[in-house]
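**Q** Sharing input02.cif here; it has mmCIF, C-alpha atoms.
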data_model
#
loop_
_atom_site.label_atom_id
_atom_site.label_comp_id
_atom_site.auth_asym_id
_atom_site.auth_seq_id
_atom_site.Cartn_x
_atom_site.Cartn_y
_atom_site.Cartn_z
CA MET A 16 0.00 0.00 0.00
CA THR A 17 1.41 3.35 -0.96
CA PRO A 18 -0.59 6.15 0.57
CA ASN A 19 1.32 8.94 -1.21
CA VAL A 20 -0.67 11.62 0.52
CA THR A 21 -0.02 15.20 -0.45
CA ILE A 22 -0.68 18.16 1.76
CA GLU A 23 -3.58 19.12 -0.53
CA THR A 24 -5.33 15.75 -0.32
CA LEU A 25 -4.56 15.62 3.33
CA LEU A 26 -6.20 18.93 4.02
CA SER A 27 -8.94 18.96 1.45
CA PRO A 28 -11.80 17.83 3.66
CA LEU A 29 -10.84 20.25 6.36
CA VAL A 30 -9.75 23.38 4.62
CA VAL A 31 -11.12 26.33 2.82
CA SER A 32 -9.82 29.79 3.41
CA THR A 33 -11.38 30.75 6.70
CA THR A 34 -11.86 34.01 8.48
CA SER A 35 -11.24 34.31 12.17
CA GLU A 36 -14.93 34.94 12.65
CA GLY A 37 -15.75 31.66 10.96
CA LEU A 38 -13.18 29.90 13.05
CA GLY A 39 -14.73 31.26 16.22
CA ARG A 40 -18.22 30.25 15.19
CA ARG A 41 -17.10 26.73 14.39
CA ALA A 42 -15.00 26.44 17.53
CA ALA A 43 -18.09 26.27 19.67
CA GLN A 44 -19.42 23.37 17.64
CA THR A 45 -16.32 21.29 17.03
CA GLY A 46 -14.34 21.08 20.22
CA LEU A 47 -11.66 23.50 19.04
CA ARG A 48 -10.03 24.61 22.26
CA GLU A 49 -10.33 28.28 23.05
CA ASP A 50 -6.60 28.69 23.63
CA ASP A 51 -5.89 26.93 20.33
CA ARG A 52 -8.31 29.19 18.52
CA GLU A 53 -6.67 32.28 20.01
CA ALA A 54 -3.21 31.08 19.04
CA ILE A 55 -4.32 30.26 15.49
CA GLU A 56 -5.89 33.67 15.08
CA ALA A 57 -2.75 35.33 16.43
CA CYS A 58 -0.68 33.34 13.92
CA ARG A 59 -2.93 34.55 11.14
CA ARG A 60 -2.34 38.11 12.27
CA GLY A 61 1.36 37.43 11.77
CA GLU A 62 2.34 36.82 15.39
CA ARG A 63 4.71 33.99 14.78
CA GLU A 64 5.43 33.42 18.45
CA ALA A 65 1.82 32.31 18.84
CA PHE A 66 2.71 29.24 16.84
CA ASP A 67 5.39 28.49 19.38
CA ARG A 68 2.62 28.14 21.96
CA LEU A 69 0.91 25.56 19.77
CA VAL A 70 4.18 23.71 19.29
CA GLU A 71 4.79 23.71 23.03
CA ARG A 72 1.28 22.42 23.69
CA TYR A 73 1.41 19.55 21.23
CA GLN A 74 5.09 18.76 20.69
CA ARG A 75 5.14 15.84 23.09
CA ASP A 76 2.03 14.18 21.67
CA VAL A 77 3.16 14.66 18.09
CA TYR A 78 6.66 13.40 18.83
CA ARG A 79 5.32 10.33 20.62
CA LEU A 80 2.89 9.63 17.81
CA CYS A 81 5.75 9.77 15.31
CA TYR A 82 7.98 7.68 17.54
CA ARG A 83 5.33 4.95 17.67
CA PHE A 84 5.35 4.85 13.90
CA VAL A 85 9.05 4.81 13.20
CA ASN A 86 10.38 3.47 16.48
CA ASN A 87 13.49 5.63 16.57
CA HIS A 88 14.25 9.05 17.92
CA GLU A 89 15.97 10.56 14.92
CA ASP A 90 13.16 9.94 12.46
CA ALA A 91 10.51 10.78 15.05
CA ASP A 92 12.24 14.11 15.62
CA ASP A 93 12.37 14.85 11.87
CA LEU A 94 8.76 13.82 11.31
CA ALA A 95 7.42 15.76 14.28
CA GLN A 96 9.20 18.89 13.06
CA GLU A 97 7.90 18.30 9.57
CA ALA A 98 4.34 17.94 10.90
CA PHE A 99 4.56 21.30 12.65
CA ILE A 100 6.07 23.03 9.62
CA LYS A 101 3.31 21.65 7.39
CA ALA A 102 0.70 22.71 9.91
CA TYR A 103 2.19 26.22 9.99
CA ARG A 104 2.11 26.47 6.21
CA ALA A 105 -1.50 25.28 6.09
CA LEU A 106 -2.75 27.21 9.09
CA ASP A 107 -4.59 29.76 6.96
CA ARG A 108 -6.67 26.95 5.62
CA PHE A 109 -7.59 25.33 8.90
CA ARG A 110 -11.36 25.68 9.10
CA GLY A 111 -11.86 24.65 12.64
CA ASP A 112 -14.13 21.77 11.68
CA SER A 113 -12.28 19.60 14.15
CA ALA A 114 -10.13 20.11 17.17
CA PHE A 115 -6.73 21.51 16.24
CA SER A 116 -5.13 18.42 17.74
CA THR A 117 -7.14 16.16 15.41
CA TRP A 118 -6.06 18.21 12.43
CA LEU A 119 -2.45 18.22 13.59
CA TYR A 120 -2.47 14.46 14.23
CA ARG A 121 -3.79 13.95 10.78
CA ILE A 122 -0.87 15.87 9.34
CA ALA A 123 1.55 13.93 11.52
CA VAL A 124 0.02 10.54 10.66
CA ASN A 125 0.21 11.30 6.97
CA ALA A 126 3.80 12.47 7.29
CA CYS A 127 4.54 9.13 8.95
CA LEU A 128 2.63 7.12 6.35
CA ASN A 129 4.46 8.89 3.55
CA PHE A 130 7.76 8.45 5.27
CA ARG A 131 10.10 5.96 3.77
CA ALA A 132 12.78 5.22 6.23
CA ALA A 133 16.32 5.77 5.10
CA LYS A 134 18.06 2.50 4.58
CA LYS A 135 20.76 3.20 7.06
CA PRO A 136 20.11 1.52 10.40
CA ARG A 137 19.07 3.83 13.15
CA ALA A 138 19.26 3.38 16.87
CA ASP A 139 15.76 3.06 18.20
CA GLU A 140 16.50 4.69 21.50
CA ILE A 141 17.02 8.31 22.34
CA PRO A 142 20.69 9.31 22.54
CA GLU A 143 21.81 9.16 26.15
CA ALA A 144 22.36 12.89 26.37
CA LEU A 145 18.73 13.52 25.41
CA ALA A 146 17.06 10.87 27.53
CA ASP A 147 15.04 11.84 30.53
CA GLU A 148 16.71 10.12 33.46
CA ARG A 149 14.00 10.99 35.96
CA PRO A 150 12.10 8.00 37.36
CA ARG A 151 8.80 7.24 35.67
CA ALA A 152 5.69 8.16 37.59
CA ASP A 153 3.36 5.87 35.65
CA GLU A 154 2.83 2.47 37.10
CA GLY A 155 2.02 -0.58 35.06
CA VAL A 156 4.49 0.33 32.36
CA LEU A 157 6.23 -2.73 31.01
CA SER A 158 9.94 -3.18 31.38
CA ASP A 159 12.07 -1.38 28.82
CA GLU A 160 12.89 -4.61 27.07
CA ARG A 161 9.27 -5.70 26.80
CA SER A 162 8.23 -2.23 25.71
CA ARG A 163 10.87 -2.38 23.02
CA ARG A 164 9.49 -5.71 21.79
CA VAL A 165 5.93 -4.42 21.68
CA ARG A 166 7.01 -1.25 19.87
CA ALA A 167 8.97 -3.30 17.36
CA ALA A 168 5.91 -5.52 16.79
CA ILE A 169 3.65 -2.47 16.29
CA GLU A 170 6.13 -1.13 13.77
CA ARG A 171 5.65 -4.31 11.73
CA LEU A 172 1.88 -3.97 11.48
CA PRO A 173 0.37 -2.93 8.15
CA GLU A 174 0.14 0.88 7.96
CA LYS A 175 -3.57 1.40 8.57
CA GLN A 176 -3.65 -1.11 11.39
CA ARG A 177 -0.57 0.46 12.91
CA ALA A 178 -2.05 3.95 12.69
CA THR A 179 -5.32 2.77 14.24
CA VAL A 180 -3.65 0.88 17.09
CA ILE A 181 -1.38 3.84 17.88
CA LEU A 182 -4.09 6.49 17.84
CA LYS A 183 -6.59 4.42 19.76
CA THR A 184 -4.21 2.98 22.32
CA TYR A 185 -1.87 5.86 23.02
CA HIS A 186 -3.77 9.00 22.21
CA ASP A 187 -6.97 8.25 23.98
CA MET A 188 -9.06 8.93 20.92
CA SER A 189 -12.59 7.77 20.34
CA HIS A 190 -13.32 5.61 17.31
CA GLU A 191 -14.91 8.67 15.71
CA GLU A 192 -11.81 10.79 16.25
CA VAL A 193 -9.55 8.09 14.85
CA ALA A 194 -11.86 7.83 11.85
CA SER A 195 -11.59 11.59 11.37
CA VAL A 196 -7.80 11.54 11.53
CA LEU A 197 -7.50 8.61 9.14
CA GLY A 198 -10.29 9.70 6.83
CA SER A 199 -12.18 6.43 7.24
CA THR A 200 -15.36 5.16 8.86
CA VAL A 201 -15.92 4.07 12.43
CA GLY A 202 -16.61 0.52 11.26
CA THR A 203 -13.31 0.41 9.41
CA VAL A 204 -11.49 1.78 12.43
CA LYS A 205 -12.93 -0.94 14.66
CA ALA A 206 -12.12 -3.68 12.16
CA ASN A 207 -8.58 -2.34 11.63
CA LEU A 208 -8.05 -2.10 15.36
CA PHE A 209 -9.21 -5.67 15.88
CA HIS A 210 -7.03 -6.98 13.04
CA GLY A 211 -4.12 -4.90 14.33
CA LEU A 212 -4.42 -6.33 17.85
CA ALA A 213 -4.77 -9.88 16.55
CA ASN A 214 -1.66 -9.42 14.39
CA LEU A 215 0.18 -7.84 17.27
CA LYS A 216 -0.58 -10.86 19.42
CA ARG A 217 0.65 -13.17 16.66
CA LEU A 218 3.85 -11.19 16.20
CA LEU A 219 4.60 -11.17 19.91
CA VAL A 220 3.87 -14.87 20.29
CA GLY A 221 5.95 -15.67 17.23
CA GLU A 222 8.81 -13.60 18.52
CA GLY A 223 8.57 -15.30 21.90
CA ARG A 224 8.85 -18.67 20.22
CA GLY A 225 11.66 -17.52 17.95
CA MET B 28 -26.97 -15.78 16.22
CA SER B 29 -25.65 -17.69 13.24
CA GLY B 30 -21.99 -17.66 12.17
CA HIS B 31 -19.25 -15.73 13.89
CA LEU B 32 -19.06 -12.12 14.92
CA SER B 33 -17.56 -9.60 12.53
CA GLU B 34 -14.27 -7.91 13.47
CA GLU B 35 -16.17 -4.71 14.11
CA THR B 36 -18.46 -6.44 16.61
CA LEU B 37 -15.58 -8.39 18.12
CA MET B 38 -13.89 -5.06 18.78
CA ASP B 39 -17.05 -3.86 20.50
CA VAL B 40 -16.86 -6.93 22.73
CA VAL B 41 -13.21 -6.18 23.56
CA ASP B 42 -14.24 -2.58 24.17
CA ALA B 43 -17.15 -3.69 26.36
CA THR B 44 -19.57 -1.73 24.20
CA ALA B 45 -21.17 -4.68 22.40
CA ASP B 46 -24.87 -5.39 22.72
CA PRO B 47 -25.96 -8.28 24.98
CA ARG B 48 -26.53 -10.71 22.09
CA ALA B 49 -23.03 -10.20 20.77
CA ARG B 50 -21.59 -10.60 24.26
CA GLU B 51 -23.52 -13.83 24.75
CA HIS B 52 -22.26 -15.17 21.45
CA ALA B 53 -18.68 -14.25 22.33
CA GLN B 54 -19.07 -16.20 25.58
CA ALA B 55 -20.61 -19.25 23.98
CA CYS B 56 -18.59 -19.53 20.76
CA PRO B 57 -15.07 -20.91 21.39
CA SER B 58 -13.66 -19.36 18.21
CA CYS B 59 -14.98 -15.85 18.90
CA ARG B 60 -14.07 -16.15 22.57
CA THR B 61 -10.47 -16.98 21.67
CA ARG B 62 -10.24 -14.11 19.21
CA VAL B 63 -11.64 -11.65 21.74
CA SER B 64 -9.30 -12.87 24.45
CA GLU B 65 -6.22 -12.65 22.20
CA ALA B 66 -7.06 -9.14 21.06
CA ALA B 67 -7.74 -8.04 24.62
CA GLU B 68 -4.44 -9.49 25.76
CA ALA B 69 -2.53 -7.73 22.97
CA TRP B 70 -4.29 -4.49 23.81
CA THR B 71 -3.32 -4.75 27.46
CA MET B 72 0.29 -5.32 26.45
CA ALA B 73 0.22 -2.43 24.00
CA GLN B 74 -1.27 -0.13 26.62
CA GLY B 75 1.50 -1.02 29.00
CA THR B 76 4.30 0.19 26.75
CA ASP B 77 5.75 3.62 26.69
CA VAL B 78 8.17 5.44 24.44
CA PRO B 79 11.50 6.65 25.79
CA GLU B 80 11.03 10.13 27.16
CA PRO B 81 13.39 12.83 25.95
CA SER B 82 14.71 15.25 28.54
CA PRO B 83 13.00 18.62 29.10
CA LEU B 84 15.99 20.23 27.36
CA TYR B 85 15.10 18.38 24.19
CA TRP B 86 11.72 20.07 23.96
CA ALA B 87 13.25 23.52 24.12
CA ALA B 88 15.65 22.55 21.34
CA PHE B 89 12.78 21.06 19.36
CA ARG B 90 10.78 24.30 19.51
CA ARG B 91 13.84 26.30 18.59
CA GLN B 92 14.43 24.14 15.52
CA VAL B 93 10.83 24.42 14.39
CA ASP B 94 10.97 28.16 14.91
CA GLN B 95 14.23 28.47 12.97
CA ARG B 96 12.83 26.49 10.08
CA ILE B 97 9.75 28.70 9.99
CA HIS B 98 11.93 31.79 10.31
CA ARG B 99 14.10 30.66 7.40
CA GLU B 100 11.05 29.94 5.34
CA THR B 101 8.99 33.06 6.00
CA PRO B 102 11.21 35.70 4.36
CA ARG B 103 12.01 33.31 1.54
CA ARG B 104 8.33 32.77 0.73
CA ARG B 105 7.72 36.48 0.89
CA PHE B 106 10.72 37.03 -1.35
CA VAL B 107 9.56 34.44 -3.87
CA ARG B 108 6.23 36.23 -4.18
CA PHE B 109 8.17 39.42 -4.84
CA LEU B 110 10.80 37.79 -6.99
CA LEU B 111 8.56 36.10 -9.54
CA PRO B 112 7.02 39.25 -11.04
CA LEU B 113 10.38 40.98 -10.84
CA ALA B 114 12.09 38.10 -12.57
CA ALA B 115 9.37 38.05 -15.21
CA ALA B 116 9.94 41.74 -15.89
CA ALA B 117 13.69 41.22 -15.99
CA GLY B 118 13.16 38.28 -18.33
CA LEU B 119 11.10 40.46 -20.61
CA VAL B 120 13.85 43.05 -20.78
CA TRP B 121 16.38 40.35 -21.43
CA ALA B 122 14.21 38.78 -24.13
CA VAL B 123 14.08 42.06 -25.99
CA ALA B 124 17.68 43.00 -25.55
CA GLY B 125 19.24 39.68 -24.65
CA PRO B 126 19.11 37.59 -27.84
CA ARG B 127 21.33 40.16 -29.53
CA THR B 128 23.65 40.39 -26.61
CA ILE B 129 23.91 36.95 -25.02
CA SER B 130 24.68 33.92 -27.11
CA PRO B 131 24.19 30.44 -25.66
CA SER B 132 27.94 30.09 -25.47
CA PRO B 133 29.25 32.38 -22.75
CA VAL B 134 32.67 32.38 -24.40
CA ALA B 135 31.28 33.99 -27.51
CA SER B 136 29.25 36.58 -25.65
CA PRO B 137 30.12 40.16 -26.41
CA PRO B 138 30.29 42.40 -23.39
CA VAL B 139 26.70 43.26 -22.65
CA ALA B 140 27.36 46.65 -21.19
CA THR B 141 28.43 47.94 -24.59
CA VAL B 142 25.12 47.06 -26.22
CA LEU B 143 22.56 47.76 -23.51
CA PRO B 144 20.55 50.76 -24.53
CA ALA B 145 21.44 53.95 -22.77
CA TRP B 146 17.93 54.26 -21.36
CA SER B 147 18.00 50.84 -19.69
CA ALA B 148 16.63 50.81 -16.18
CA LEU B 149 19.05 48.04 -15.34
CA PRO B 150 22.17 48.90 -13.42
CA PRO B 151 25.53 48.42 -15.15
CA VAL B 152 26.33 44.77 -15.65
CA ASP B 153 29.16 44.69 -13.18
CA GLU B 154 26.85 46.07 -10.50
CA ASP B 155 23.81 44.00 -11.28
CA PRO B 156 23.64 40.82 -9.17
CA GLY B 157 20.65 39.56 -11.13
CA PHE B 158 22.48 39.65 -14.44
CA GLU B 159 24.66 36.65 -13.80
CA VAL B 160 21.63 34.73 -12.64
CA LEU B 161 19.76 35.58 -15.80
CA GLN B 162 22.80 34.70 -17.86
CA ALA B 163 22.94 31.30 -16.20
CA VAL B 164 19.25 30.76 -16.89
CA ALA B 165 19.68 31.85 -20.50
CA SER B 166 22.62 29.54 -21.05
CA GLY B 167 20.38 26.64 -20.13
CA GLY B 168 22.62 25.38 -17.38
CA PHE B 169 20.54 26.73 -14.52
CA ASP B 170 23.59 26.43 -12.35
CA LEU B 171 22.63 29.42 -10.32
CA ALA B 172 25.06 28.73 -7.54
CA SER B 173 28.09 28.84 -9.76
CA ALA B 174 26.72 31.77 -11.71
CA TYR B 175 26.63 33.83 -8.60
CA ASP B 176 28.14 32.61 -5.42
CA ARG B 177 28.10 35.65 -3.25
CA GLY B 178 25.38 36.89 -0.88
CA GLY B 179 22.18 38.74 -1.72
CA ILE B 180 19.89 37.35 -4.36
CA HIS B 181 21.88 34.16 -4.61
CA GLU B 182 20.96 33.16 -1.09
CA PHE B 183 17.32 33.37 -1.89
CA LEU B 184 17.62 31.62 -5.21
CA TRP B 185 19.75 28.93 -3.72
CA ASP B 186 17.09 28.35 -1.08
CA LEU B 187 14.37 27.83 -3.68
CA SER B 188 12.93 24.37 -3.80
CA GLU B 189 13.34 22.36 -6.97
CA GLU B 190 9.75 23.11 -7.87
CA GLU B 191 10.13 26.83 -7.25
CA SER B 192 13.33 26.96 -9.27
CA ARG B 193 11.61 25.16 -12.12
CA ALA B 194 8.66 27.55 -11.97
CA LEU B 195 11.04 30.52 -12.08
CA ALA B 196 13.01 29.10 -14.99
CA GLU B 197 9.84 28.26 -16.92
CA ARG B 198 8.46 31.71 -16.28
CA LEU B 199 11.64 33.33 -17.52
CA GLN B 200 11.76 31.14 -20.59
CA SER B 201 8.10 31.60 -21.38
CA ASP B 202 8.28 35.39 -21.04
CA GLY B 203 11.45 35.39 -23.11
CA ALA B 204 9.79 33.33 -25.83
CA LYS B 205 6.74 35.58 -25.89
CA ALA B 206 8.83 38.71 -26.11
CA GLY B 207 11.05 37.15 -28.76
CA ALA B 208 7.98 36.41 -30.86
CA LEU B 209 6.93 40.06 -30.79
#
Any chance you could put this one into structure tokens?
**A**
Amino acid sequence: MTPNVTIETLLSPLVVSTTSEGLGRRAAQTGLREDDREAIEACRRGEREAFDRLVERYQRDVYRLCYRFVNNHEDADDLAQEAFIKAYRALDRFRGDSAFSTWLYRIAVNACLNFRAAKKPRADEIPEALADERPRADEGVLSDERSRRVRAAIERLPEKQRATVILKTYHDMSHEEVASVLGSTVGTVKANLFHGLANLKRLLVGEGRG
Amino acid sequence: MSGHLSEETLMDVVDATADPRAREHAQACPSCRTRVSEAAEAWTMAQGTDVPEPSPLYWAAFRRQVDQRIHRETPRRRFVRFLLPLAAAAGLVWAVAGPRTISPSPVASPPVATVLPAWSALPPVDEDPGFEVLQAVASGGFDLASAYDRGGIHEFLWDLSEEESRALAERLQSDGAKAGAL
């Protein structure tokens, strides 16, 4: 499967040149956060630092989304930056028909789907100097080694299944939101998620045996 | 219920949002029960994994890089919007005056300054940074970097994407052709 998604096809259902007034009107109906709406409007007025606020708000989620796809820091870093740059370029055309995060995730997911990893091998972990050495607060997190195995198995899932599993499992999205990000139906999302989980189980069992 | 549950309904069972009939079937049917249990197990495992967390310093660097890329891009995009009409106008002037003054072979080119009309709005050749760029375009090589490797206009042209460079070259050629046909 070669998605080959361009920024135009990616944005087409969501964009049409939009005035701030229109954005405000839609915000009330679509779950567009007030602080996102303000930042977007400030960006449209040319206040570039307002975009920095959006980056700060979503950088972690976008980075983690990309990391789940490519399973290495270097590519995740590139892709997350690319997602923000594309979002900045297309900001004038964001209609506010969805939450900004949904729109941004869609850009990031498509960047990941279009990404063809360079052939050179890449370390999957964050370079030591960049890693957060603080102890984890979250309980129930698998050991690093097991996490690595699960991430590697997710990386091997077919693209749509991988995208669905990642968005549903790690980004706390409803089936409807995942469908909106992936441009598919709720039924397809559920079926892809089920297939993805079944394949994940097979991959993990197979790896355990191997 | 006849047959097995669809994947969509099986996911509802895993999600605990299935209707009672589907849940009953998933309990009673060994095949569906196994599929539900395997998917649920994989989901639990997936939910328990995390990605390595970069340090707080990384996020500051990340924002800085995004900002720098946007900063680099913003003046360039503004410049491209300004450059295209300007380049088209320059191309038009060249198309009228150029064919007599610039041959495809740079070696055979007579010095342009001697044949530019006295009323030309262009600065003298040796002071005109755009001239070498146009000359490179006209020679067909499009090697803009080697045509002009100092600061100023070159930096912007060098930063053009392949697509933008092609659009600029096509625009120059098309305007040149139109003017030449006049």
**Q** Report, in Å to a single decimal, how far apart atom CA of A:Leu208 and atom CA of B:Gly30 are.
**A**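 Computed distance, atom CA of B:Gly30 to atom CA of A:Leu208, equals 21.1 Å.
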**Q** Counting only C-alpha atoms, figure out which residue out of A:Glu62, A:Asp92, A:Asp76, A:Glu49 gets nearest to chain B.
**A**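 Of A:Glu62, A:Asp92, A:Asp76, A:Glu49, the one nearest chain B, counting only C-alpha atoms, is A:Asp92.
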**Q** Please check the contacts: residues of chain B at most 6 Å away from chain A, using only C-alpha atoms, listed as a PyMOL selection string.
**A** chain B and resi 34-35+38+66+69+75-76+80-82+93
**Q** Report as a list of chain:residue names all protein, DNA and RNA residues lying within 7 Å of B:Gly203, evaluated on only C-alpha atoms, omitting residues in the same chain fewer than 4 positions from it.
**A**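 The contact residues come out as B:Gly118, B:Leu119, B:Ala122, B:Leu199, B:Gly207.
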**Q** In the coordinate frame of the file, compute which residues have an atom within 10 Å of (-7.6, 24.6, 21.3) when using all atoms listed in the file, and state them as a ChimeraX atom specification.
**A** /A:42,46-55,69,72,111,113-116
**Q** Kindly give the distance, in Å, that separates atom CA of B:His31 and atom CA of A:Glu174, rounded to a single decimal.
**A**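 For atom CA of B:His31 relative to atom CA of A:Glu174, the distance reads 26.2 Å.
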**Q** Could you work out how far atom CA of A:Glu170 lies from atom CA of B:Ser33, giving the answer in Å with one decimal?
**A**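 These atoms are spaced 25.2 Å apart.
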**Q** I'd like the residues picked by the PyMOL selection byres ((chain B and resi 42-55) around 10) written out as a VMD selection string, using the chain letters and numbers from the file.
**A** (chain A and resid 205) or (chain B and resid 28 to 33 35 to 41 56 to 64 67)
**Q** Need to verify the contact set: B:Asp202, 10 Å, all atoms listed in the file, exclusion of same-chain residues closer than 6 positions in sequence. Can you return it as a PDB file with C-alpha atoms, in the frame of the given file?
**A**
ATOM      1  CA  ALA B 114      12.090  38.100 -12.570  1.00  0.00           C
ATOM      2  CA  ALA B 115       9.370  38.050 -15.210  1.00  0.00           C
ATOM      3  CA  ALA B 116       9.940  41.740 -15.890  1.00  0.00           C
ATOM      4  CA  ALA B 117      13.690  41.220 -15.990  1.00  0.00           C
ATOM      5  CA  GLY B 118      13.160  38.280 -18.330  1.00  0.00           C
ATOM      6  CA  LEU B 119      11.100  40.460 -20.610  1.00  0.00           C
ATOM      7  CA  VAL B 120      13.850  43.050 -20.780  1.00  0.00           C
ATOM      8  CA  TRP B 121      16.380  40.350 -21.430  1.00  0.00           C
ATOM      9  CA  ALA B 122      14.210  38.780 -24.130  1.00  0.00           C
ATOM     10  CA  ALA B 196      13.010  29.100 -14.990  1.00  0.00           C
ATOM     11  CA  ALA B 208       7.980  36.410 -30.860  1.00  0.00           C
TER      12      ALA B 208
END
**Q** For A:His186, which residue among A:Ala102, A:Asp90, A:Tyr73, A:Asn129 is the nearest when counting only C-alpha atoms?
**A**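 Looking only at the distances to A:His186, the closest residue turns out to be A:Tyr73.
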